[in-house]
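Colleague: My file is protein-v1.txt. It has compact mmCIF, C-alpha atoms and all ligand atoms:
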```txt
# COMPACT_ATOMS: atom_id res chain seq x y z
CA MET U 44 145.48 157.45 12.29
CA LYS U 45 148.95 156.27 11.32
CA THR U 46 149.77 154.09 8.36
CA PHE U 47 153.08 152.69 7.19
CA GLY U 48 152.58 152.27 3.46
CA ARG U 49 149.75 149.76 3.29
CA VAL U 50 150.09 148.68 6.90
CA VAL U 51 147.68 150.32 9.32
CA GLY U 52 149.53 151.06 12.54
CA LEU U 53 146.74 152.98 14.23
CA ASP U 54 143.17 153.65 13.16
CA GLY U 55 140.37 155.45 14.96
CA VAL U 56 142.01 155.20 18.37
CA ASP U 57 140.81 157.55 21.08
CA VAL U 58 142.79 157.65 24.31
CA ASP U 59 142.81 160.00 27.28
CA VAL U 60 144.85 160.13 30.46
CA HIS U 61 144.21 162.24 33.54
CA ALA U 62 146.43 163.72 36.22
CA GLY U 63 146.94 161.29 39.09
CA GLU U 64 146.00 158.27 37.01
CA VAL U 65 147.78 155.18 35.66
CA LEU U 66 146.46 154.27 32.22
CA ALA U 67 147.78 150.92 31.04
CA VAL U 68 147.95 150.11 27.33
CA ILE U 69 147.85 146.41 26.51
CA GLY U 70 147.64 144.49 23.25
CA ASP U 71 149.19 141.62 21.35
CA ASN U 72 152.34 142.01 19.28
CA GLY U 73 151.71 144.42 16.42
CA ALA U 74 148.48 145.76 17.99
CA GLY U 75 149.71 149.35 17.74
CA LYS U 76 150.89 150.08 21.28
CA SER U 77 154.27 151.47 20.23
CA THR U 78 152.74 153.42 17.36
CA LEU U 79 150.23 154.94 19.79
CA ILE U 80 152.81 156.08 22.31
CA LYS U 81 155.16 157.28 19.58
CA CYS U 82 152.37 159.52 18.27
CA LEU U 83 151.70 160.79 21.80
CA THR U 84 155.37 161.54 22.42
CA GLY U 85 156.33 163.16 19.13
CA ALA U 86 158.45 160.26 17.86
CA LEU U 87 155.93 159.73 15.03
CA VAL U 88 153.62 162.27 13.45
CA PRO U 89 150.09 160.85 12.96
CA ASP U 90 148.57 161.07 9.46
CA ALA U 91 145.30 162.29 10.94
CA GLY U 92 143.81 163.01 14.35
CA THR U 93 144.37 165.52 17.12
CA ILE U 94 146.10 165.64 20.50
CA THR U 95 144.83 167.99 23.18
CA ALA U 96 146.47 168.97 26.46
CA ASP U 97 144.26 170.68 29.05
CA GLY U 98 141.63 171.20 26.35
CA ALA U 99 143.93 172.93 23.87
CA GLU U 100 145.14 171.26 20.69
CA VAL U 101 148.86 170.56 20.52
CA VAL U 102 150.97 169.38 17.58
CA PHE U 103 154.05 167.26 18.23
CA ARG U 104 156.41 167.22 15.27
CA ARG U 105 159.36 165.87 17.22
CA PRO U 106 160.02 164.41 20.70
CA GLN U 107 161.16 167.79 22.03
CA ASP U 108 157.68 169.23 21.33
CA ALA U 109 156.13 166.59 23.60
CA ARG U 110 158.78 167.17 26.26
CA ASP U 111 158.05 170.89 26.12
CA ALA U 112 154.40 170.01 26.80
CA GLY U 113 155.44 168.07 29.93
CA ILE U 114 155.40 164.56 28.48
CA GLU U 115 158.42 162.39 29.26
CA THR U 116 159.02 158.89 27.93
CA VAL U 117 161.07 155.98 29.24
CA TYR U 118 161.65 153.55 26.40
CA GLN U 119 162.21 149.84 26.82
CA THR U 120 165.80 150.18 25.72
CA LEU U 121 167.09 152.14 28.65
CA ALA U 122 168.69 155.40 27.76
CA VAL U 123 171.12 155.61 30.63
CA ALA U 124 174.82 156.33 30.38
CA PRO U 125 176.45 153.49 32.36
CA ALA U 126 179.75 155.22 33.12
CA LEU U 127 178.14 158.34 34.56
CA ASP U 128 176.85 158.61 38.10
CA VAL U 129 173.19 158.69 39.07
CA ALA U 130 173.03 162.48 39.39
CA SER U 131 174.59 163.02 35.96
CA ASN U 132 172.18 160.53 34.43
CA LEU U 133 169.22 162.35 35.90
CA TYR U 134 170.35 165.51 34.14
CA LEU U 135 171.73 163.91 30.99
CA GLY U 136 171.26 166.33 28.09
CA ARG U 137 169.82 169.01 30.35
CA GLU U 138 172.82 169.85 32.48
CA GLU U 139 172.19 172.91 34.57
CA ARG U 140 174.77 175.65 34.33
CA ARG U 141 175.62 178.56 36.52
CA PRO U 142 177.56 181.68 35.58
CA GLY U 143 181.30 180.98 35.62
CA ILE U 144 184.11 183.33 36.51
CA LEU U 145 184.06 184.78 33.02
CA GLY U 146 180.37 185.52 33.23
CA SER U 147 177.77 184.19 30.88
CA VAL U 148 180.19 183.42 28.02
CA PHE U 149 181.60 180.39 29.83
CA ARG U 150 178.98 178.87 32.01
CA MET U 151 180.08 176.12 34.34
CA LEU U 152 178.22 172.92 35.04
CA ASP U 153 176.41 173.35 38.33
CA LYS U 154 177.43 169.94 39.69
CA GLN U 155 176.69 170.74 43.31
CA GLY U 156 173.23 172.06 42.50
CA MET U 157 172.50 169.10 40.25
CA ARG U 158 173.57 166.67 42.97
CA SER U 159 171.38 168.16 45.63
CA ARG U 160 168.40 168.36 43.29
CA ALA U 161 169.03 164.78 42.13
CA GLU U 162 169.15 163.67 45.76
CA ALA U 163 165.84 165.41 46.41
CA ALA U 164 164.25 163.84 43.29
CA VAL U 165 165.38 160.34 44.31
CA ARG U 166 164.18 160.90 47.89
CA ASP U 167 160.81 162.38 46.82
CA LEU U 168 160.10 159.30 44.75
CA GLY U 169 160.87 157.07 47.71
CA ILE U 170 163.70 155.31 45.85
CA THR U 171 165.41 153.79 48.82
CA THR U 172 167.42 151.26 46.83
CA ILE U 173 169.85 153.89 45.58
CA GLN U 174 172.08 154.77 48.49
CA ASN U 175 174.57 156.98 46.78
CA ILE U 176 173.80 159.16 43.78
CA THR U 177 177.49 159.62 43.06
CA GLN U 178 177.89 155.93 42.17
CA PRO U 179 178.15 155.06 38.47
CA VAL U 180 174.99 153.63 36.96
CA GLU U 181 176.92 150.57 35.70
CA SER U 182 177.27 149.50 39.33
CA LEU U 183 173.48 149.40 39.78
CA SER U 184 171.09 146.49 39.30
CA GLY U 185 168.54 146.44 36.46
CA GLY U 186 165.79 147.61 38.79
CA GLN U 187 167.89 150.44 40.17
CA ARG U 188 168.74 151.54 36.62
CA GLN U 189 165.10 151.48 35.69
CA ALA U 190 164.41 153.56 38.80
CA VAL U 191 166.97 156.11 37.62
CA ALA U 192 165.32 156.28 34.18
CA VAL U 193 161.87 156.69 35.74
CA ALA U 194 163.15 159.29 38.22
CA ARG U 195 164.66 161.18 35.30
CA ALA U 196 161.31 161.21 33.48
CA ALA U 197 159.47 162.16 36.67
CA ALA U 198 161.87 165.00 37.36
CA PHE U 199 161.11 166.64 34.02
CA GLY U 200 157.65 165.39 33.08
CA SER U 201 155.29 167.94 34.49
CA ARG U 202 152.17 166.26 33.14
CA ILE U 203 152.63 162.76 31.81
CA VAL U 204 155.22 160.01 32.07
CA VAL U 205 155.08 157.28 29.43
CA LEU U 206 156.68 153.98 30.42
CA ASP U 207 157.27 151.38 27.72
CA GLU U 208 157.59 147.91 29.27
CA PRO U 209 159.37 149.17 32.41
CA THR U 210 159.42 145.77 34.11
CA ALA U 211 160.17 143.60 31.06
CA ALA U 212 163.76 142.75 31.98
CA LEU U 213 163.36 142.77 35.76
CA GLY U 214 163.08 140.18 38.49
CA VAL U 215 160.26 140.03 41.03
CA LYS U 216 161.83 142.31 43.65
CA GLU U 217 163.03 144.84 41.10
CA SER U 218 159.67 144.86 39.33
CA ASN U 219 157.94 145.57 42.63
CA GLN U 220 160.23 148.54 43.17
CA VAL U 221 159.33 149.96 39.77
CA LEU U 222 155.61 149.33 40.39
CA ALA U 223 155.89 151.17 43.71
CA LEU U 224 157.56 154.01 41.84
CA ILE U 225 154.68 154.14 39.36
CA GLU U 226 152.26 154.45 42.28
CA ARG U 227 154.39 157.26 43.65
CA LEU U 228 154.20 159.13 40.33
CA ARG U 229 150.42 158.86 40.47
CA GLU U 230 150.39 160.13 44.06
CA ASN U 231 152.48 163.07 42.90
CA GLY U 232 149.68 163.96 40.47
CA LEU U 233 151.28 162.86 37.21
CA GLY U 234 149.40 160.98 34.54
CA VAL U 235 151.18 157.69 33.80
CA ILE U 236 150.82 155.72 30.56
CA LEU U 237 152.10 152.20 31.13
CA VAL U 238 152.64 149.95 28.12
CA SER U 239 153.06 146.37 29.31
CA HIS U 240 152.69 142.74 28.32
CA ASN U 241 152.74 141.78 32.00
CA MET U 242 149.10 141.35 32.98
CA PRO U 243 149.63 140.89 36.75
CA HIS U 244 151.60 144.14 36.83
CA VAL U 245 148.91 145.93 34.83
CA TRP U 246 146.14 144.64 37.09
CA GLN U 247 148.20 145.62 40.14
CA VAL U 248 148.77 149.30 39.32
CA ALA U 249 146.43 150.48 36.55
CA ASP U 250 143.38 152.64 37.16
CA ARG U 251 142.14 152.02 33.61
CA ILE U 252 143.31 149.67 30.87
CA HIS U 253 143.18 150.64 27.20
CA ILE U 254 143.17 147.54 24.99
CA GLN U 255 144.67 147.76 21.50
CA ARG U 256 143.84 145.16 18.90
CA LEU U 257 144.95 145.15 15.25
CA GLY U 258 145.61 148.89 15.26
CA ARG U 259 142.25 149.76 16.79
CA SER U 260 140.90 150.30 20.27
CA ALA U 261 139.16 147.17 21.55
CA GLY U 262 137.85 148.93 24.65
CA VAL U 263 138.78 150.48 27.97
CA ILE U 264 138.31 148.38 31.11
CA THR U 265 139.42 148.56 34.75
CA PRO U 266 141.04 145.96 37.00
CA SER U 267 137.78 145.76 38.96
CA SER U 268 135.44 145.59 35.95
CA HIS U 269 137.27 142.70 34.28
CA THR U 270 139.46 139.82 35.38
CA MET U 271 142.84 139.32 33.78
CA ALA U 272 141.48 136.39 31.74
CA GLU U 273 138.61 138.56 30.48
CA GLY U 274 141.07 141.31 29.53
CA VAL U 275 143.23 138.86 27.61
CA ALA U 276 140.15 137.50 25.83
CA ILE U 277 139.33 141.02 24.61
CA MET U 278 142.97 141.54 23.62
CA THR U 279 143.01 138.42 21.48
CA GLY U 280 139.57 138.95 19.97
CA ALA U 281 137.99 136.00 21.78
CA ALA U 282 135.55 138.34 23.53
CA ALA U 283 134.22 141.89 23.19
CA ALA U 284 134.65 144.55 25.88
N1 LIG L 301 158.22 151.82 10.99
C1 LIG L 301 157.30 150.95 10.57
N2 LIG L 301 157.22 150.58 9.26
C2 LIG L 301 156.28 149.70 8.84
N3 LIG L 301 155.36 149.15 9.64
C3 LIG L 301 155.38 149.47 10.94
C4 LIG L 301 156.35 150.38 11.48
N4 LIG L 301 156.12 150.51 12.81
C5 LIG L 301 155.08 149.71 13.08
N5 LIG L 301 154.62 149.11 11.97
C6 LIG L 301 153.46 148.19 11.88
O1 LIG L 301 152.37 148.78 12.56
C7 LIG L 301 151.66 147.81 13.32
C8 LIG L 301 151.65 148.22 14.78
O2 LIG L 301 152.99 148.06 15.30
P1 LIG L 301 153.43 148.49 16.78
O3 LIG L 301 154.89 148.39 16.83
O4 LIG L 301 152.78 149.76 17.14
O5 LIG L 301 152.78 147.31 17.64
P2 LIG L 301 152.99 146.95 19.18
O6 LIG L 301 151.62 146.75 19.75
O7 LIG L 301 153.84 147.96 19.84
O8 LIG L 301 153.74 145.55 19.08
P3 LIG L 301 154.83 144.84 20.07
O9 LIG L 301 154.08 144.40 21.27
O10 LIG L 301 155.25 143.68 19.24
O11 LIG L 301 155.90 145.82 20.33
C9 LIG L 301 152.32 146.48 13.03
O12 LIG L 301 151.62 145.84 11.99
C10 LIG L 301 153.71 146.87 12.58
O13 LIG L 301 154.25 145.91 11.72
```
Translate this file's structure into C-alpha cells.

Modeller:
Amino acid sequence: MKTFGRVVGLDGVDVDVHAGEVLAVIGDNGAGKSTLIKCLTGALVPDAGTITADGAEVVFRRPQDARDAGIETVYQTLAVAPALDVASNLYLGREERRPGILGSVFRMLDKQGMRSRAEAAVRDLGITTIQNITQPVESLSGGQRQAVAVARAAAFGSRIVVLDEPTAALGVKESNQVLALIERLRENGLGVILVSHNMPHVWQVADRIHIQRLGRSAGVITPSSHTMAEGVAIMTGAAAA
C-alpha cells in the first residue's frame, strides 16, 4: 500500500518474481507501475505491506538497501556519464581500489582490473555491439548506451534487475539488442522485472505479465494464456483476467 495524500498509488498489490524469470509489469498511465517498482527498489517506502527475499522479510528504507539485497534498477532516464568510457560507467560509484604505494591510506583506482572485469561482463552478456570498452559512452548509440546501463545492473544485481521502459527511446534494431540482453539475464539466472508500454516487446520476452490498473493488480497472465489484445483489454478495464 502506498498513498500520496489522498491519491492511492498502490493498494493490495501482490507481486512475486523468481530466479531465471522475466516478469513484465504493464498498465496504463498512472496505474501504479512506477510506484510498485519504487517500493521494490527502496526509492519509496510503502505505507503498509511486506517484501520478502528468499522467504525472509526485508525492509528497504533507501535504494542502497535494495542494492545490498541484490536488486539493481535501470531507470528510464539513463544514468550514464557520457564523457566517461564504458568500463568507468560500469563501475560508476563503485570504483574498485587496490592498495597504493602508501598502503591503505591512499588507495588507487584499479583501472586495469576494472577494465578486464568490464570486458568480461560485456562479453558474458553477449553484447557484441560494443567493440571497445575504452570508448566514451557519448560516442555510443542509444541501444549501446542502454546495453551499458543494463550490463552495469547485471554486473551488480545478484538477484533481480528492474528495467523501467528499457526500449522506450530505441529503434527496432537497438530494441532487439536490449531484448536479447534481457533473455541473457534470464539465462544467467537473474529475475528480471520489465516495466514496459510496448506490448510486442512484453509478449516477446516475458514469462509472466503482471497487469496494474488504477493502483491495483488486475491479474497475472502469460504470453501464451492471453493474446496482446486480451492483455490490453484487461489493462484498460474492458475485460477481466
Ligand atoms: N510523488 C507523487 N505524489 C503524488 N502522487 C503521485 C506521486 N507519484 C505517483 N503518484 C500518483 O500515484 C498514481 C500511480 O502513479 P505511477 O507513477 O506509479 O503510475 P505509472 O503506472 O508508473 O504511470 P506512467 O505509465 O504514466 O509512468 C498516479 O495517480 C499518480 O498520480

Colleague: As a PyMOL selection string, please: every protein or nucleic acid residue near ligand LIG 301 (chain L) (cut-off 12 Å, counting all atoms listed in the file).

Modeller: chain U and resi 44-54+68-82+86-89+118-119+207-208+211+238-241+253-260+278

Colleague: Can I get the selection written as a PDB file, keeping the file's coordinate frame, with C-alpha atoms?

Modeller:
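Saved to part_19.pdb:
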```pdb
ATOM      1  CA  MET U  44     145.480 157.450  12.290  1.00  0.00           C
ATOM      2  CA  LYS U  45     148.950 156.270  11.320  1.00  0.00           C
ATOM      3  CA  THR U  46     149.770 154.090   8.360  1.00  0.00           C
ATOM      4  CA  PHE U  47     153.080 152.690   7.190  1.00  0.00           C
ATOM      5  CA  GLY U  48     152.580 152.270   3.460  1.00  0.00           C
ATOM      6  CA  ARG U  49     149.750 149.760   3.290  1.00  0.00           C
ATOM      7  CA  VAL U  50     150.090 148.680   6.900  1.00  0.00           C
ATOM      8  CA  VAL U  51     147.680 150.320   9.320  1.00  0.00           C
ATOM      9  CA  GLY U  52     149.530 151.060  12.540  1.00  0.00           C
ATOM     10  CA  LEU U  53     146.740 152.980  14.230  1.00  0.00           C
ATOM     11  CA  ASP U  54     143.170 153.650  13.160  1.00  0.00           C
ATOM     12  CA  VAL U  68     147.950 150.110  27.330  1.00  0.00           C
ATOM     13  CA  ILE U  69     147.850 146.410  26.510  1.00  0.00           C
ATOM     14  CA  GLY U  70     147.640 144.490  23.250  1.00  0.00           C
ATOM     15  CA  ASP U  71     149.190 141.620  21.350  1.00  0.00           C
ATOM     16  CA  ASN U  72     152.340 142.010  19.280  1.00  0.00           C
ATOM     17  CA  GLY U  73     151.710 144.420  16.420  1.00  0.00           C
ATOM     18  CA  ALA U  74     148.480 145.760  17.990  1.00  0.00           C
ATOM     19  CA  GLY U  75     149.710 149.350  17.740  1.00  0.00           C
ATOM     20  CA  LYS U  76     150.890 150.080  21.280  1.00  0.00           C
ATOM     21  CA  SER U  77     154.270 151.470  20.230  1.00  0.00           C
ATOM     22  CA  THR U  78     152.740 153.420  17.360  1.00  0.00           C
ATOM     23  CA  LEU U  79     150.230 154.940  19.790  1.00  0.00           C
ATOM     24  CA  ILE U  80     152.810 156.080  22.310  1.00  0.00           C
ATOM     25  CA  LYS U  81     155.160 157.280  19.580  1.00  0.00           C
ATOM     26  CA  CYS U  82     152.370 159.520  18.270  1.00  0.00           C
ATOM     27  CA  ALA U  86     158.450 160.260  17.860  1.00  0.00           C
ATOM     28  CA  LEU U  87     155.930 159.730  15.030  1.00  0.00           C
ATOM     29  CA  VAL U  88     153.620 162.270  13.450  1.00  0.00           C
ATOM     30  CA  PRO U  89     150.090 160.850  12.960  1.00  0.00           C
ATOM     31  CA  TYR U 118     161.650 153.550  26.400  1.00  0.00           C
ATOM     32  CA  GLN U 119     162.210 149.840  26.820  1.00  0.00           C
ATOM     33  CA  ASP U 207     157.270 151.380  27.720  1.00  0.00           C
ATOM     34  CA  GLU U 208     157.590 147.910  29.270  1.00  0.00           C
ATOM     35  CA  ALA U 211     160.170 143.600  31.060  1.00  0.00           C
ATOM     36  CA  VAL U 238     152.640 149.950  28.120  1.00  0.00           C
ATOM     37  CA  SER U 239     153.060 146.370  29.310  1.00  0.00           C
ATOM     38  CA  HIS U 240     152.690 142.740  28.320  1.00  0.00           C
ATOM     39  CA  ASN U 241     152.740 141.780  32.000  1.00  0.00           C
ATOM     40  CA  HIS U 253     143.180 150.640  27.200  1.00  0.00           C
ATOM     41  CA  ILE U 254     143.170 147.540  24.990  1.00  0.00           C
ATOM     42  CA  GLN U 255     144.670 147.760  21.500  1.00  0.00           C
ATOM     43  CA  ARG U 256     143.840 145.160  18.900  1.00  0.00           C
ATOM     44  CA  LEU U 257     144.950 145.150  15.250  1.00  0.00           C
ATOM     45  CA  GLY U 258     145.610 148.890  15.260  1.00  0.00           C
ATOM     46  CA  ARG U 259     142.250 149.760  16.790  1.00  0.00           C
ATOM     47  CA  SER U 260     140.900 150.300  20.270  1.00  0.00           C
ATOM     48  CA  MET U 278     142.970 141.540  23.620  1.00  0.00           C
TER      49      MET U 278
END
```

Colleague: Pick out the closest residue to Ala124 in chain U from this set: U:Pro179, U:Gly156, U:Pro209, U:Gly186. Count all atoms listed in the file.

Modeller: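 Closest residue, counting all atoms listed in the file: U:Pro179.
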
Colleague: What gap, in Å, lies between CA of Met157 in chain U and CA of Gly185 in chain U?

Modeller: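 Distance between the two atoms: 23.3 Å.
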
Colleague: Between U:Ala276, U:Ile114, U:Val221, U:Val123, which residue has the minimum interatomic distance to Glu181 in chain U, considering only C-alpha atoms?

Modeller: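 Ranked by minimum distance to Glu181 in chain U, first place goes to U:Val123.
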
Colleague: I'd like the interatomic distance between CA of Gly232 in chain U and CA of Ala161 in chain U, to a tenth of an Å.

Modeller: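 One can read the CA of Gly232 in chain U to CA of Ala161 in chain U distance as 19.4 Å.
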
Colleague: Using all atoms listed in the file, find the one residue out of U:Ala249, U:Val235, U:Glu226, U:Leu133 that sits nearest to Ala163 in chain U.

Modeller: U:Leu133

Colleague: One number please: CA of Lys154 in chain U to CA of Val180 in chain U, in Å, one decimal.

Modeller: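 It comes out at 16.7 Å.
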
Colleague: So which residues fall inside 9 Å of (161.3, 158.8, 35.1) if we count only C-alpha atoms? Mind giving them as an MDAnalysis selection string?

Modeller: chainID U and resid 115:117 133 189:200 204:206 228

Colleague: Please return as a ChimeraX atom specification every residue within 8 Å of (154.4, 164.2, 25.8), taking into account only C-alpha atoms and the file's own coordinates.

Modeller: /U:83-85,106,108-116,202-205

Colleague: May I have the residues within 9 Å of Leu222 in chain U as a list in words, using all atoms listed in the file and disregarding those fewer than 2 positions away in the same chain?

Modeller: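 Counting only the stated atoms, we get Pro209, Thr210, Glu217, Ser218, Asn219, Gln220, Leu224, Ile225, Glu226, Arg227, His244, Gln247 and Val248 of chain U.
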
Colleague: Within 9 Å of range 176-178 of chain U, counting all atoms listed in the file, which residues show up once you throw out same-chain ones fewer than 5 positions away? Write them as a list in words, please.

Modeller: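 Listed by chain and then number, they are Leu127, Asp128, Val129, Ala130, Ser131, Arg158, Ala161, Glu162, Val165 and Leu183 of chain U.
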
Colleague: Please fill the gaps in range 235-252 of chain U so it has N, CA and C atoms, and write that as a compact mmCIF listing (two decimals), in the frame of the given file.

Modeller:
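Result file follows (out_10.txt):
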```
# COMPACT_ATOMS: atom_id res chain seq x y z
N VAL U 235 150.20 158.70 34.22
CA VAL U 235 151.18 157.69 33.80
C VAL U 235 150.55 156.82 32.72
N ILE U 236 151.25 156.68 31.59
CA ILE U 236 150.82 155.72 30.56
C ILE U 236 151.80 154.56 30.62
N LEU U 237 151.27 153.39 30.93
CA LEU U 237 152.10 152.20 31.13
C LEU U 237 151.82 151.18 30.04
N VAL U 238 152.79 150.99 29.14
CA VAL U 238 152.64 149.95 28.12
C VAL U 238 153.27 148.68 28.68
N SER U 239 152.50 147.59 28.71
CA SER U 239 153.06 146.37 29.31
C SER U 239 152.40 145.12 28.76
N HIS U 240 153.21 144.06 28.66
CA HIS U 240 152.69 142.74 28.32
C HIS U 240 152.44 141.94 29.60
N ASN U 241 152.85 142.52 30.74
CA ASN U 241 152.74 141.78 32.00
C ASN U 241 151.39 142.06 32.67
N MET U 242 150.47 141.14 32.49
CA MET U 242 149.10 141.35 32.98
C MET U 242 149.01 141.51 34.50
N PRO U 243 149.71 140.66 35.30
CA PRO U 243 149.63 140.89 36.75
C PRO U 243 150.09 142.29 37.15
N HIS U 244 151.14 142.80 36.50
CA HIS U 244 151.60 144.14 36.83
C HIS U 244 150.55 145.18 36.46
N VAL U 245 149.94 144.99 35.28
CA VAL U 245 148.91 145.93 34.83
C VAL U 245 147.74 145.92 35.82
N TRP U 246 147.30 144.72 36.17
CA TRP U 246 146.14 144.64 37.09
C TRP U 246 146.50 145.16 38.48
N GLN U 247 147.76 145.13 38.82
CA GLN U 247 148.20 145.62 40.14
C GLN U 247 148.18 147.15 40.22
N VAL U 248 148.60 147.84 39.17
CA VAL U 248 148.77 149.30 39.32
C VAL U 248 147.84 150.18 38.48
N ALA U 249 147.18 149.61 37.46
CA ALA U 249 146.43 150.48 36.55
C ALA U 249 145.11 150.94 37.16
N ASP U 250 144.72 152.17 36.83
CA ASP U 250 143.38 152.64 37.16
C ASP U 250 142.43 152.25 36.02
N ARG U 251 142.91 152.43 34.79
CA ARG U 251 142.14 152.02 33.61
C ARG U 251 143.09 151.30 32.65
N ILE U 252 142.51 150.47 31.82
CA ILE U 252 143.31 149.67 30.87
C ILE U 252 142.75 149.86 29.47
```
